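Asker: Pasting query.tsv here (TSV, C-alpha atoms and all ligand atoms):
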```
chain	number	residue	atom	x	y	z
A	9	MET	CA	0.00	0.00	0.00
A	10	SER	CA	1.43	3.42	-0.89
A	11	ASP	CA	2.15	5.96	1.84
A	12	HIS	CA	0.42	9.30	1.18
A	13	ARG	CA	1.88	11.15	4.15
A	14	SER	CA	4.09	14.21	3.53
A	15	SER	CA	7.73	13.31	3.97
A	16	ALA	CA	10.62	15.20	5.51
A	17	LEU	CA	14.36	14.73	5.80
A	18	VAL	CA	15.91	15.98	9.02
A	19	ALA	CA	19.62	16.30	8.23
A	20	GLY	CA	21.65	16.35	11.44
A	21	GLY	CA	18.70	14.90	13.34
A	22	GLY	CA	21.01	13.02	15.72
A	23	GLY	CA	21.84	16.43	17.18
A	24	PHE	CA	20.00	18.83	19.45
A	25	ILE	CA	17.61	20.87	17.28
A	26	GLY	CA	17.16	18.15	14.66
A	27	GLY	CA	16.18	15.61	17.32
A	28	HIS	CA	13.43	17.89	18.62
A	29	LEU	CA	12.30	18.83	15.11
A	30	ALA	CA	12.01	15.16	14.09
A	31	ALA	CA	9.74	14.55	17.12
A	32	ARG	CA	7.56	17.47	16.11
A	33	LEU	CA	7.27	16.34	12.48
A	34	LEU	CA	6.36	12.80	13.56
A	35	SER	CA	3.68	14.21	15.86
A	36	GLU	CA	2.28	16.14	12.89
A	37	GLY	CA	1.97	12.89	10.90
A	38	TYR	CA	4.99	13.27	8.63
A	39	ARG	CA	6.98	10.34	7.34
A	40	VAL	CA	10.42	11.30	8.69
A	41	ARG	CA	13.91	10.30	7.63
A	42	VAL	CA	16.64	11.31	10.06
A	43	VAL	CA	20.24	11.31	8.80
A	44	ASP	CA	23.34	12.00	10.88
A	45	CYS	CA	27.01	11.06	10.57
A	46	LYS	CA	27.33	9.94	14.22
A	47	PRO	CA	26.65	6.30	15.17
A	48	VAL	CA	23.02	5.98	16.29
A	49	ASP	CA	24.00	5.20	19.90
A	50	GLU	CA	25.49	8.72	20.08
A	51	TRP	CA	22.33	10.47	18.85
A	52	PHE	CA	20.77	12.77	21.44
A	53	GLN	CA	17.33	11.36	20.65
A	54	VAL	CA	16.38	8.33	18.57
A	55	HIS	CA	12.78	8.16	17.31
A	56	PRO	CA	11.80	4.58	16.50
A	57	ASP	CA	8.98	5.79	14.20
A	58	ALA	CA	11.46	7.55	11.92
A	59	GLU	CA	13.76	6.00	9.34
A	60	ASN	CA	17.16	6.47	11.01
A	61	VAL	CA	20.21	6.53	8.75
A	62	VAL	CA	23.92	7.06	9.42
A	63	ALA	CA	25.62	8.89	6.54
A	64	ASP	CA	28.08	11.69	5.88
A	65	LEU	CA	26.04	14.37	4.16
A	66	SER	CA	29.10	16.30	3.04
A	67	LEU	CA	29.27	13.67	0.25
A	68	LEU	CA	27.07	14.28	-2.79
A	69	ASP	CA	26.00	10.64	-3.18
A	70	ALA	CA	24.91	10.46	0.46
A	71	ALA	CA	22.99	13.73	0.07
A	72	ARG	CA	21.20	12.35	-3.01
A	73	ALA	CA	20.20	9.17	-1.15
A	74	ALA	CA	19.04	11.22	1.84
A	75	VAL	CA	16.69	13.52	-0.11
A	76	ASP	CA	15.32	10.77	-2.36
A	77	GLY	CA	11.51	10.73	-2.13
A	78	MET	CA	11.35	13.62	0.37
A	79	ASP	CA	8.90	16.55	0.04
A	80	GLU	CA	10.75	18.75	2.54
A	81	VAL	CA	14.40	18.97	3.56
A	82	TYR	CA	15.50	20.51	6.85
A	83	ASN	CA	19.26	21.05	7.04
A	84	LEU	CA	20.26	21.05	10.71
A	85	ALA	CA	23.59	19.30	10.07
A	86	ALA	CA	26.82	21.17	10.81
A	87	ASP	CA	30.14	20.69	12.55
A	88	MET	CA	29.67	23.36	15.20
A	89	GLY	CA	29.39	24.27	18.86
A	90	GLY	CA	29.55	27.13	21.32
A	91	ILE	CA	32.07	29.94	21.15
A	92	GLY	CA	34.90	27.78	22.58
A	93	PHE	CA	34.50	25.33	19.67
A	94	ILE	CA	33.90	27.77	16.81
A	95	GLU	CA	36.85	30.04	17.73
A	96	GLY	CA	39.23	27.05	17.76
A	97	ASN	CA	37.86	25.16	14.72
A	98	LYS	CA	37.29	27.68	11.95
A	99	ALA	CA	38.21	25.41	9.04
A	100	ARG	CA	36.03	22.56	10.37
A	101	CYS	CA	33.10	24.94	10.73
A	102	MET	CA	33.61	26.21	7.17
A	103	LEU	CA	33.67	22.66	5.80
A	104	SER	CA	29.96	22.41	6.69
A	105	VAL	CA	29.50	24.33	3.45
A	106	LEU	CA	29.84	20.93	1.74
A	107	ILE	CA	26.76	19.62	3.56
A	108	ASN	CA	24.52	22.48	2.51
A	109	THR	CA	25.94	22.64	-1.03
A	110	HIS	CA	25.32	18.96	-1.66
A	111	LEU	CA	21.90	18.95	0.00
A	112	LEU	CA	20.87	21.94	-2.16
A	113	MET	CA	22.12	20.27	-5.36
A	114	ALA	CA	20.47	16.98	-4.46
A	115	SER	CA	17.19	18.72	-3.51
A	116	ARG	CA	17.13	20.69	-6.76
A	117	ASP	CA	17.70	17.55	-8.82
A	118	ALA	CA	15.18	15.46	-6.86
A	119	GLY	CA	12.41	18.10	-7.14
A	120	VAL	CA	12.14	18.70	-3.39
A	121	ASP	CA	9.27	21.05	-2.56
A	122	ARG	CA	10.84	23.12	0.27
A	123	PHE	CA	14.34	23.43	1.74
A	124	PHE	CA	15.18	24.83	5.19
A	125	PHE	CA	18.65	26.11	6.16
A	126	SER	CA	19.63	26.80	9.76
A	127	SER	CA	21.70	29.95	9.82
A	128	SER	CA	22.96	31.82	12.85
A	129	ALA	CA	23.17	35.15	14.63
A	130	CYS	CA	26.91	34.74	13.93
A	131	VAL	CA	26.25	36.19	10.43
A	132	TYR	CA	25.83	39.68	11.89
A	133	ALA	CA	28.55	42.25	11.39
A	134	ALA	CA	30.93	42.62	14.33
A	135	ALA	CA	30.53	46.42	14.58
A	136	HIS	CA	26.89	46.01	15.71
A	137	GLN	CA	27.92	43.74	18.62
A	138	ALA	CA	30.81	45.57	20.24
A	139	ALA	CA	29.02	46.51	23.50
A	140	PRO	CA	26.60	44.66	25.82
A	141	ASP	CA	23.73	47.12	25.31
A	142	LEU	CA	23.73	47.96	21.58
A	143	GLU	CA	20.49	47.92	19.58
A	144	PRO	CA	19.04	44.47	18.78
A	145	LEU	CA	20.09	42.97	15.44
A	146	ARG	CA	17.74	43.56	12.52
A	147	GLU	CA	18.03	41.28	9.50
A	148	GLU	CA	19.56	43.95	7.24
A	149	MET	CA	22.46	44.46	9.69
A	150	ALA	CA	24.25	41.39	8.28
A	151	TYR	CA	25.48	43.67	5.48
A	152	PRO	CA	28.00	45.17	4.82
A	153	ALA	CA	29.37	41.78	5.84
A	154	MET	CA	31.84	41.18	8.65
A	155	PRO	CA	30.47	38.03	10.33
A	156	GLU	CA	32.06	35.77	12.95
A	157	ASP	CA	35.31	34.43	11.46
A	158	GLY	CA	34.99	30.90	10.02
A	159	TYR	CA	31.56	29.73	11.19
A	160	GLY	CA	29.75	33.02	10.47
A	161	TRP	CA	31.19	33.30	6.97
A	162	GLU	CA	30.06	29.74	6.21
A	163	LYS	CA	26.53	30.58	7.36
A	164	LEU	CA	26.37	33.82	5.39
A	165	PHE	CA	27.67	32.12	2.24
A	166	ASP	CA	25.13	29.30	2.65
A	167	GLU	CA	22.28	31.80	3.14
A	168	ARG	CA	23.37	33.39	-0.10
A	169	MET	CA	23.52	30.05	-1.90
A	170	CYS	CA	19.95	29.29	-0.76
A	171	ARG	CA	18.85	32.62	-2.20
A	172	HIS	CA	20.47	31.91	-5.57
A	173	PHE	CA	19.15	28.34	-5.73
A	174	ALA	CA	15.69	29.88	-5.31
A	175	GLU	CA	16.28	32.59	-7.93
A	176	ASP	CA	18.07	30.47	-10.53
A	177	PHE	CA	16.58	27.00	-10.03
A	178	GLY	CA	13.18	27.68	-8.43
A	179	LEU	CA	13.91	25.66	-5.27
A	180	ARG	CA	11.80	27.10	-2.43
A	181	THR	CA	14.39	27.86	0.25
A	182	ARG	CA	13.70	29.17	3.76
A	183	VAL	CA	16.33	30.46	6.21
A	184	ALA	CA	16.28	31.11	9.97
A	185	ARG	CA	19.01	32.86	11.92
A	186	PHE	CA	19.00	31.06	15.27
A	187	HIS	CA	19.99	33.01	18.38
A	188	ASN	CA	21.63	30.68	20.93
A	189	ILE	CA	19.11	27.84	21.28
A	190	TYR	CA	19.04	25.86	24.54
A	191	GLY	CA	17.03	23.14	26.27
A	192	PRO	CA	17.10	19.44	27.23
A	193	HIS	CA	18.75	16.86	24.94
A	194	GLY	CA	21.46	19.26	23.79
A	195	THR	CA	25.24	19.22	24.12
A	196	TRP	CA	26.14	19.84	27.77
A	197	ASP	CA	29.80	18.81	27.98
A	198	GLY	CA	32.77	17.83	25.81
A	199	GLY	CA	33.74	21.30	24.49
A	200	ARG	CA	30.89	22.08	22.07
A	201	GLU	CA	28.40	23.20	24.73
A	202	LYS	CA	27.08	26.77	24.77
A	203	ALA	CA	26.77	29.04	27.77
A	204	PRO	CA	23.31	27.94	29.06
A	205	ALA	CA	24.25	24.25	29.16
A	206	ALA	CA	27.81	24.94	30.36
A	207	ILE	CA	26.60	27.04	33.27
A	208	CYS	CA	23.93	24.48	34.23
A	209	ARG	CA	26.61	21.77	34.17
A	210	LYS	CA	29.07	23.77	36.26
A	211	VAL	CA	26.46	24.66	38.87
A	212	ALA	CA	25.07	21.09	38.96
A	213	ALA	CA	28.57	19.62	39.34
A	214	ALA	CA	29.35	22.08	42.15
A	215	VAL	CA	26.10	21.14	43.93
A	216	ILE	CA	26.70	17.39	43.52
A	217	ASN	CA	30.37	17.58	44.55
A	218	ASN	CA	29.94	20.18	47.31
A	219	ASP	CA	32.27	22.65	45.60
A	220	ASP	CA	31.97	26.34	46.38
A	221	LYS	CA	33.06	27.98	43.12
A	222	ILE	CA	32.66	27.85	39.36
A	223	GLU	CA	34.62	29.30	36.44
A	224	ILE	CA	32.96	31.81	34.09
A	225	TRP	CA	34.48	32.75	30.73
A	226	GLY	CA	35.15	36.49	30.45
A	227	ASP	CA	34.07	39.05	33.04
A	228	GLY	CA	30.43	37.95	32.89
A	229	GLU	CA	29.24	41.35	31.66
A	230	GLN	CA	28.93	40.25	28.01
A	231	SER	CA	25.27	39.94	26.96
A	232	ARG	CA	23.17	37.48	24.94
A	233	SER	CA	19.58	36.38	24.42
A	234	PHE	CA	18.76	32.67	24.64
A	235	THR	CA	15.93	30.85	22.85
A	236	TYR	CA	14.13	27.81	24.27
A	237	ILE	CA	14.04	24.77	21.98
A	238	ASP	CA	10.21	24.51	21.81
A	239	ASP	CA	9.99	28.09	20.53
A	240	CYS	CA	12.73	27.32	18.02
A	241	VAL	CA	10.92	24.26	16.63
A	242	GLU	CA	7.63	26.17	16.36
A	243	GLY	CA	9.48	28.97	14.51
A	244	ILE	CA	11.12	26.51	12.09
A	245	ARG	CA	7.74	25.03	11.20
A	246	ARG	CA	6.18	28.47	10.66
A	247	ILE	CA	9.09	29.67	8.52
A	248	MET	CA	9.04	26.51	6.42
A	249	ARG	CA	5.28	26.84	5.75
A	250	SER	CA	5.48	30.59	5.02
A	251	ASP	CA	5.98	32.51	1.79
A	252	CYS	CA	8.89	34.43	3.32
A	253	ASP	CA	12.06	33.63	1.37
A	254	GLN	CA	14.30	36.11	3.25
A	255	PRO	CA	16.43	35.08	6.26
A	256	LEU	CA	14.52	35.71	9.50
A	257	ASN	CA	15.78	36.06	13.06
A	258	LEU	CA	14.56	33.19	15.21
A	259	GLY	CA	15.56	34.29	18.67
A	260	SER	CA	14.50	35.62	22.01
A	261	ASP	CA	14.77	39.34	22.77
A	262	GLU	CA	15.11	38.77	26.54
A	263	LEU	CA	18.62	40.19	26.90
A	264	VAL	CA	20.76	39.18	29.90
A	265	THR	CA	24.40	39.41	30.87
A	266	ILE	CA	26.19	36.12	31.52
A	267	ASN	CA	26.37	37.11	35.21
A	268	GLU	CA	22.57	37.44	35.22
A	269	LEU	CA	22.28	34.01	33.58
A	270	VAL	CA	24.51	32.55	36.31
A	271	ASP	CA	22.40	34.30	39.02
A	272	LEU	CA	19.30	32.67	37.53
A	273	VAL	CA	20.80	29.17	37.42
A	274	GLN	CA	22.02	29.49	41.01
A	275	GLU	CA	18.54	30.59	42.07
A	276	ILE	CA	17.00	27.58	40.28
A	277	ALA	CA	19.57	25.28	41.90
A	278	GLY	CA	19.20	26.94	45.31
A	279	SER	CA	22.97	27.33	45.54
A	280	SER	CA	25.37	30.15	46.28
A	281	LEU	CA	28.76	29.88	44.57
A	282	LYS	CA	31.82	32.06	44.16
A	283	ARG	CA	32.82	32.93	40.58
A	284	ARG	CA	36.29	32.83	39.11
A	285	TYR	CA	36.44	34.87	35.90
A	286	ASN	CA	38.69	33.46	33.17
A	287	LEU	CA	39.57	36.43	31.00
A	288	SER	CA	41.62	34.38	28.52
A	289	ALA	CA	38.73	32.04	27.60
A	290	ALA	CA	36.77	32.46	24.33
A	291	GLN	CA	34.20	35.24	24.59
A	292	GLY	CA	32.96	36.09	21.07
A	293	VAL	CA	31.02	39.30	20.61
A	294	ARG	CA	30.46	41.63	23.56
A	295	GLY	CA	26.70	41.85	23.14
A	296	ARG	CA	24.00	40.29	20.98
A	297	ASN	CA	20.20	40.52	20.96
A	298	SER	CA	17.54	39.61	18.42
A	299	ASP	CA	15.17	42.16	16.87
A	300	ASN	CA	11.99	40.19	16.21
A	301	THR	CA	9.99	42.82	14.34
A	302	LEU	CA	10.16	41.05	10.97
A	303	ILE	CA	9.24	37.53	12.12
A	304	ARG	CA	6.43	38.93	14.28
A	305	GLU	CA	5.02	40.89	11.33
A	306	GLN	CA	5.49	38.11	8.78
A	307	LEU	CA	4.55	35.03	10.81
A	308	GLY	CA	3.09	36.21	14.10
A	309	TRP	CA	5.89	34.34	15.90
A	310	ALA	CA	7.30	35.52	19.21
A	311	PRO	CA	9.01	33.48	21.91
A	312	SER	CA	6.57	32.06	24.46
A	313	VAL	CA	8.93	30.53	27.03
A	314	SER	CA	10.69	32.86	29.48
A	315	LEU	CA	14.37	32.37	30.26
A	316	ARG	CA	13.43	31.40	33.83
A	317	GLU	CA	11.02	28.66	32.67
A	318	GLY	CA	13.36	27.36	29.98
A	319	MET	CA	16.42	27.31	32.21
A	320	ALA	CA	14.51	25.49	34.98
A	321	GLU	CA	13.70	22.68	32.50
A	322	THR	CA	17.27	22.67	31.20
A	323	TYR	CA	18.91	22.68	34.63
A	324	SER	CA	16.76	19.80	35.78
A	325	TRP	CA	17.76	17.70	32.73
A	326	ILE	CA	21.47	18.56	32.97
A	327	TYR	CA	21.55	17.94	36.74
A	328	LYS	CA	20.43	14.36	36.00
A	329	GLN	CA	23.04	13.93	33.24
A	330	VAL	CA	25.82	15.11	35.56
A	331	GLY	CA	24.56	12.67	38.19
A	332	TYR	CA	24.49	9.72	35.73
A	333	ALA	CA	27.97	10.63	34.47
A	334	SER	CA	29.36	10.56	38.01
A	335	HIS	CA	27.37	7.36	38.83
A	336	ARG	CA	25.50	9.15	41.63
A	337	PHE	CA	21.92	8.40	42.57
A	338	LEU	CA	20.10	11.73	42.59
A	339	PRO	CA	16.65	12.70	43.83
B	401	LIG	P1	24.22	19.75	16.97
B	401	LIG	O1	25.71	19.74	16.93
B	401	LIG	O2	23.55	19.25	18.19
B	401	LIG	O3	23.63	18.97	15.71
B	401	LIG	C1	24.25	18.97	14.47
B	401	LIG	C2	24.29	17.53	13.98
B	401	LIG	O4	24.85	17.52	12.67
B	401	LIG	C3	25.18	16.63	14.84
B	401	LIG	O5	24.43	15.55	15.37
B	401	LIG	C4	26.26	16.15	13.89
B	401	LIG	O6	26.67	14.83	14.12
B	401	LIG	C5	25.57	16.31	12.54
B	401	LIG	N1	26.52	16.40	11.45
B	401	LIG	C6	27.68	17.11	11.42
B	401	LIG	N2	28.31	16.89	10.26
B	401	LIG	C7	27.53	16.03	9.55
B	401	LIG	C8	27.68	15.40	8.29
B	401	LIG	N3	28.75	15.63	7.52
B	401	LIG	N4	26.72	14.55	7.87
B	401	LIG	C9	25.64	14.30	8.67
B	401	LIG	N5	25.46	14.86	9.87
B	401	LIG	C10	26.39	15.72	10.31
B	401	LIG	O7	23.80	21.27	16.68
B	401	LIG	P2	22.40	22.00	16.86
B	401	LIG	O8	22.52	22.88	18.04
B	401	LIG	O9	21.30	21.02	16.79
B	401	LIG	O10	22.40	22.94	15.57
B	401	LIG	C11	21.68	22.59	14.40
B	401	LIG	C12	21.93	23.65	13.33
B	401	LIG	O11	21.55	24.94	13.82
B	401	LIG	C13	23.39	23.78	12.88
B	401	LIG	O12	23.43	24.11	11.52
B	401	LIG	C14	23.88	24.96	13.67
B	401	LIG	O13	24.97	25.62	13.04
B	401	LIG	C15	22.64	25.84	13.69
B	401	LIG	N6	22.63	26.79	14.82
B	401	LIG	C16	22.48	26.32	16.09
B	401	LIG	C17	22.48	27.22	17.16
B	401	LIG	C18	22.31	26.79	18.57
B	401	LIG	O14	22.33	27.64	19.46
B	401	LIG	N7	22.11	25.50	18.84
B	401	LIG	C19	22.64	28.59	16.90
B	401	LIG	C20	22.80	29.01	15.59
B	401	LIG	C21	22.77	28.10	14.54
B	402	LIG	N1	30.37	28.05	26.07
B	402	LIG	C1	30.58	28.71	27.22
B	402	LIG	N2	30.96	28.00	28.34
B	402	LIG	N3	30.44	30.06	27.25
B	402	LIG	C2	30.64	30.69	28.42
B	402	LIG	C3	30.99	30.02	29.60
B	402	LIG	C4	31.17	28.60	29.56
B	402	LIG	O1	31.48	27.94	30.53
B	402	LIG	N4	31.11	30.93	30.59
B	402	LIG	C5	30.83	32.12	30.05
B	402	LIG	N5	30.58	31.99	28.73
B	402	LIG	C6	30.33	33.10	27.81
B	402	LIG	C7	31.21	33.07	26.54
B	402	LIG	O2	32.51	33.59	26.82
B	402	LIG	C8	30.42	33.99	25.61
B	402	LIG	O3	30.79	35.33	25.81
B	402	LIG	C9	28.97	33.76	26.06
B	402	LIG	O4	29.01	33.06	27.31
B	402	LIG	C10	28.15	32.94	25.08
B	402	LIG	O5	28.91	31.81	24.71
B	402	LIG	P1	28.30	30.62	23.81
B	402	LIG	O6	26.94	30.31	24.26
B	402	LIG	O7	29.30	29.52	23.79
B	402	LIG	O8	28.34	31.21	22.33
B	402	LIG	P2	27.84	32.56	21.59
B	402	LIG	O9	26.57	33.09	22.11
B	402	LIG	O10	28.99	33.52	21.54
B	402	LIG	O11	27.61	31.97	20.13
B	402	LIG	C11	26.72	30.87	20.04
B	402	LIG	O12	25.49	31.27	19.55
B	402	LIG	C12	25.43	31.47	18.18
B	402	LIG	C13	24.03	31.89	17.80
B	402	LIG	O13	23.54	32.89	18.61
B	402	LIG	C14	27.41	29.76	19.30
B	402	LIG	O14	26.79	28.54	19.65
B	402	LIG	C15	27.30	29.88	17.83
B	402	LIG	O15	27.70	28.64	17.25
B	402	LIG	C16	25.85	30.19	17.48
B	402	LIG	O16	25.72	30.32	16.10
```
Show how you would write the structure in this file as C-alpha cells.
Answerer:
Amino acid sequence: MSDHRSSALVAGGGGFIGGHLAARLLSEGYRVRVVDCKPVDEWFQVHPDAENVVADLSLLDAARAAVDGMDEVYNLAADMGGIGFIEGNKARCMLSVLINTHLLMASRDAGVDRFFFSSSACVYAAAHQAAPDLEPLREEMAYPAMPEDGYGWEKLFDERMCRHFAEDFGLRTRVARFHNIYGPHGTWDGGREKAPAAICRKVAAAVINNDDKIEIWGDGEQSRSFTYIDDCVEGIRRIMRSDCDQPLNLGSDELVTINELVDLVQEIAGSSLKRRYNLSAAQGVRGRNSDNTLIREQLGWAPSVSLREGMAETYSWIYKQVGYASHRFLP
C-alpha cells in the first residue's frame, strides 16, 4: 500500500535541534527520515517511528540518497558548537558548506518542494555587537558583511547560496538565523556546549560535589539572548510553511548578561557559589540581541517561554546527566 503522508528529511537529526524537530514532524503525521554522521548510539534522541540513517552528508551521493523521495528537507547538520569550539575550529566549521551545497544540489535535482537552512546570529557584522547594550540585530544588519570568522562566513555564504538556488533553479528555500538555542537533549559537555548548558553543568557539578566555586568565561558582563528549543521548533515550522524567502531572526529578545544568567541558574539550583572569571577564555562578541519585528510581522511568531522557565527545564535535565555521568543516585 502506498504511503500518502508528507515526507521530511531531518539532516543532522542526531543532534540537538534536529532531534526535537524530528519529534515534532512525527507528531504532525509526517513520514520522517533522520540522517546524521554519528553512530546511532550517540544520537541525542532516537525516534523509532522515523527512518534512522547514518551517513556523511558532506558527500554528494549520500545527500542524493538522503533527499530521495522527500517533500521537505531541513538542514540542521553542521560541525559546530559554542564559542569555545567555533573560535578554535574555523576550518572545520567552514567545511559544513559541503553539507549544505550537496543537499541543495540533491534537492534541486530530486524536485524537493521546500528546503530549510539553519543559519545563525553569527552572520551579523561585528561592529553592531561591540558593546553589551547595543540595539538588537535587525536582518539587514548582516550587510556590509563582517560576520564571525569561520563559522559566520560559512553561514552567510550558505544563506546566499539558498537565495540563488531559489532565484536560478526555483527551489523554495527558507532560512532562519538562530539566536543561541538551549534546552534538554542538547550538548552539555565535551567542548561544544554553549553558555546555558555549560553554566547548568558547572552549577550542577558544584552542587553534587559540594564545591563552592565555578569558572565563568570572560568578566560575565557580556550579553546574549537565549531561545528555548520549543519556541525554536515552532518557529522553524512556521518559517518553512510561510511565503517568506528572506532570512529571518529566530531568537529571544530577553537580553541578559552572563552574570545574570549565572544568578538565575544558582537561584533555580538553590545554591550560592563564588565565581572565578577566566579572561583568557573564548568570549565572542560583547553583546547580541535579536530584533523580532520582521518575524512577528510576517509570521506572528514571538518566543513564548521565558528564560526562567526554559532554564529550569534545562537545569533539571542537565543535573540528572551530571549525576548519571558521576554514577550518583540523585533525587
Ligand atoms: P548539533 O551539533 O547538536 O547537531 C548537528 C548535527 O549535525 C550533529 O548531530 C552532527 O553529528 C551532525 N553532522 C555534522 N556533520 C555532519 C555530516 N557531515 N553529515 C551528517 N550529519 C552531520 O547542533 P544544533 O545545536 O542542533 O544545531 C543545528 C543547526 O543549527 C546547525 O546548523 C547549527 O549551526 C545551527 N545553529 C544552532 C544554534 C544553537 O544555538 N544551537 C545557533 C545558531 C545556529
Ligand atoms: N560556552 C561557554 N561556556 N560560554 C561561556 C561560559 C562557559 O562555561 N562561561 C561564560 N561563557 C560566555 C562566553 O565567553 C560567551 O561570551 C557567552 O558566554 C556565550 O557563549 P556561547 O553560548 O558559547 O556562544 P555565543 O553566544 O557567543 O555563540 C553561540 O550562539 C550562536 C548563535 O547565537 C554559538 O553557539 C554559535 O555557534 C551560534 O551560532
Asker: Between atom CA of A:Ala74 and atom CA of A:His193, what is the distance, to one decimal in Å?
Answerer: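 Between these atoms lies a distance of 23.8 Å.
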Asker: Which residues form the shell of 7 Å around ligand LIG 402 (chain B) when you count all atoms listed in the file, given as a PyMOL selection string?
Answerer: chain A and resi 88-92+94+128-130+186-188+201-204+206-207+223-226+228+230+232+266+289-294
Asker: Around ligand LIG 401 (chain B), at most 6 Å away and counting only C-alpha atoms and all ligand atoms, which residues are there? Put them as a list in words, please.
Answerer: Gly20, Gly22, Gly23, Phe24, Ile25, Gly26, Asp44, Cys45, Lys46, Ala63, Asp64, Leu65, Ser66, Leu84, Ala85, Ala86, Asp87, Met88, Ile107, Ser126, Ser127, Ser128, Phe186, His187, Asn188, Ile189 and Gly194 of chain A
Asker: Which of these, A:Thr322, A:Ser14, A:Thr181, A:Thr265, has the shortest distance to A:Val40 once you count only C-alpha atoms?
Answerer: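 Counting only C-alpha atoms, the residue closest to A:Val40 is A:Ser14.
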Asker: So that I can check the surroundings of A:Glu275, please list as a PDB file with C-alpha atoms, in the frame of the given file every protein, DNA and RNA residue that reaches within 10 Å of it, counting all atoms listed in the file and ignoring chain neighbours fewer than 6 positions away.
Answerer:
```
ATOM      1  CA  LEU A 269      22.280  34.010  33.580  1.00  0.00           C
ATOM      2  CA  ARG A 316      13.430  31.400  33.830  1.00  0.00           C
ATOM      3  CA  ALA A 320      14.510  25.490  34.980  1.00  0.00           C
TER       4      ALA A 320
END
```
Asker: Taking (13.1, 34.3, 15.6) in the coordinates of the supplied file, I want to know which residues reach to within 8 Å of it, counting only C-alpha atoms; could you give the answer as a ChimeraX atom specification?
Answerer: /A:184-187,240,243,256-260,298,300,303,309-311
Asker: With C-alpha atoms retained, write the just-selected residues as a short mmCIF file (atom, residue, chain, number, x, y, z; two decimals), in the frame of the given file.
Answerer:
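File produced: result31.cif:
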```cif
data_model
loop_
_atom_site.label_atom_id
_atom_site.label_comp_id
_atom_site.auth_asym_id
_atom_site.auth_seq_id
_atom_site.Cartn_x
_atom_site.Cartn_y
_atom_site.Cartn_z
CA ALA A 184 16.28 31.11 9.97
CA ARG A 185 19.01 32.86 11.92
CA PHE A 186 19.00 31.06 15.27
CA HIS A 187 19.99 33.01 18.38
CA CYS A 240 12.73 27.32 18.02
CA GLY A 243 9.48 28.97 14.51
CA LEU A 256 14.52 35.71 9.50
CA ASN A 257 15.78 36.06 13.06
CA LEU A 258 14.56 33.19 15.21
CA GLY A 259 15.56 34.29 18.67
CA SER A 260 14.50 35.62 22.01
CA SER A 298 17.54 39.61 18.42
CA ASN A 300 11.99 40.19 16.21
CA ILE A 303 9.24 37.53 12.12
CA TRP A 309 5.89 34.34 15.90
CA ALA A 310 7.30 35.52 19.21
CA PRO A 311 9.01 33.48 21.91
#
```
Asker: Identify which of the residues A:Ile222, A:Ala150, A:Ile237, A:Val215 lies closest to A:Leu315, counting all atoms listed in the file when measuring atom-to-atom distances.
Answerer: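 Of A:Ile222, A:Ala150, A:Ile237, A:Val215, the one nearest A:Leu315, counting all atoms listed in the file, is A:Ile237.
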Asker: With distances taken over all atoms listed in the file, which residue among A:Cys170, A:Leu263, A:Leu302, A:Leu272 lies nearest A:Phe124?
Answerer: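 The closest residue to A:Phe124 is A:Cys170.
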Asker: Take atom CA of A:Val54 and atom CA of A:Arg32 and report the distance between them in Å, one decimal.
Answerer: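 These atoms are spaced 12.9 Å apart.
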Asker: Atom CA of A:Lys221 to atom CA of A:Tyr190: how many Å, to one decimal?
Answerer: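 So the two atoms, atom CA of A:Lys221 and atom CA of A:Tyr190, lie 23.4 Å apart.
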Asker: Kindly list the centre and edge lengths in Å, rounded to one decimal, for the axis-aligned box that covers all listed atoms of stretch 291-308 of chain A plus 3 Å on each of its six sides, as AutoDock Vina command-line options.
Answerer:
```
--center_x 18.6 --center_y 38.9 --center_z 16.7 --size_x 37.1 --size_y 13.8 --size_z 21.8
```
Asker: Could you tell me which of A:Glu305, A:Glu175, A:Asp299, A:Asp79 comes closest to A:Leu142 if we count all atoms listed in the file?
Answerer: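 Of the candidates, the smallest distance to A:Leu142 is held by A:Asp299.
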Asker: Please identify all polymer residues within 8 Å of A:Gln254, counting only C-alpha atoms, omitting same-chain residues fewer than 4 positions from it, and present them as a list of chain:residue names.
Answerer: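 What passes the distance filter is A:Arg171, A:Arg182, A:Val183.
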Asker: Please, which residues are within 8 Å of (19.9, 40.9, 26.9) by the file's coordinates, counting all atoms listed in the file, and could they come as a PyMOL selection string?
Answerer: chain A and resi 140-141+231-233+261-265+295-297
Asker: Ranking A:Gln274, A:Thr195, A:Ser279, A:Gln329 by minimum distance to A:Asn218 and counting only C-alpha atoms, which one comes first?
Answerer: A:Ser279
Asker: Using the structure just given, write a file holding N, CA and C atoms for stretch 322-329 of chain A, as a PDB file, in the first residue's frame.
Answerer:
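The file below, selection_24.pdb, is the result:
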```pdb
ATOM      1  N   THR A 322      15.937  23.056  31.655  1.00  0.00           N
ATOM      2  CA  THR A 322      17.274  22.665  31.196  1.00  0.00           C
ATOM      3  C   THR A 322      18.148  22.248  32.374  1.00  0.00           C
ATOM      4  N   TYR A 323      18.091  23.024  33.456  1.00  0.00           N
ATOM      5  CA  TYR A 323      18.909  22.682  34.632  1.00  0.00           C
ATOM      6  C   TYR A 323      18.523  21.302  35.170  1.00  0.00           C
ATOM      7  N   SER A 324      17.223  21.075  35.228  1.00  0.00           N
ATOM      8  CA  SER A 324      16.762  19.802  35.781  1.00  0.00           C
ATOM      9  C   SER A 324      17.279  18.619  34.939  1.00  0.00           C
ATOM     10  N   TRP A 325      17.265  18.770  33.620  1.00  0.00           N
ATOM     11  CA  TRP A 325      17.756  17.700  32.733  1.00  0.00           C
ATOM     12  C   TRP A 325      19.273  17.544  32.879  1.00  0.00           C
ATOM     13  N   ILE A 326      19.999  18.660  32.900  1.00  0.00           N
ATOM     14  CA  ILE A 326      21.470  18.562  32.973  1.00  0.00           C
ATOM     15  C   ILE A 326      21.920  18.052  34.347  1.00  0.00           C
ATOM     16  N   TYR A 327      21.226  18.436  35.393  1.00  0.00           N
ATOM     17  CA  TYR A 327      21.545  17.937  36.742  1.00  0.00           C
ATOM     18  C   TYR A 327      21.528  16.401  36.745  1.00  0.00           C
ATOM     19  N   LYS A 328      20.516  15.838  36.060  1.00  0.00           N
ATOM     20  CA  LYS A 328      20.433  14.357  36.001  1.00  0.00           C
ATOM     21  C   LYS A 328      21.590  13.786  35.180  1.00  0.00           C
ATOM     22  N   GLN A 329      21.941  14.447  34.081  1.00  0.00           N
ATOM     23  CA  GLN A 329      23.041  13.929  33.237  1.00  0.00           C
ATOM     24  C   GLN A 329      24.360  13.941  34.015  1.00  0.00           C
TER      25      GLN A 329
END
```
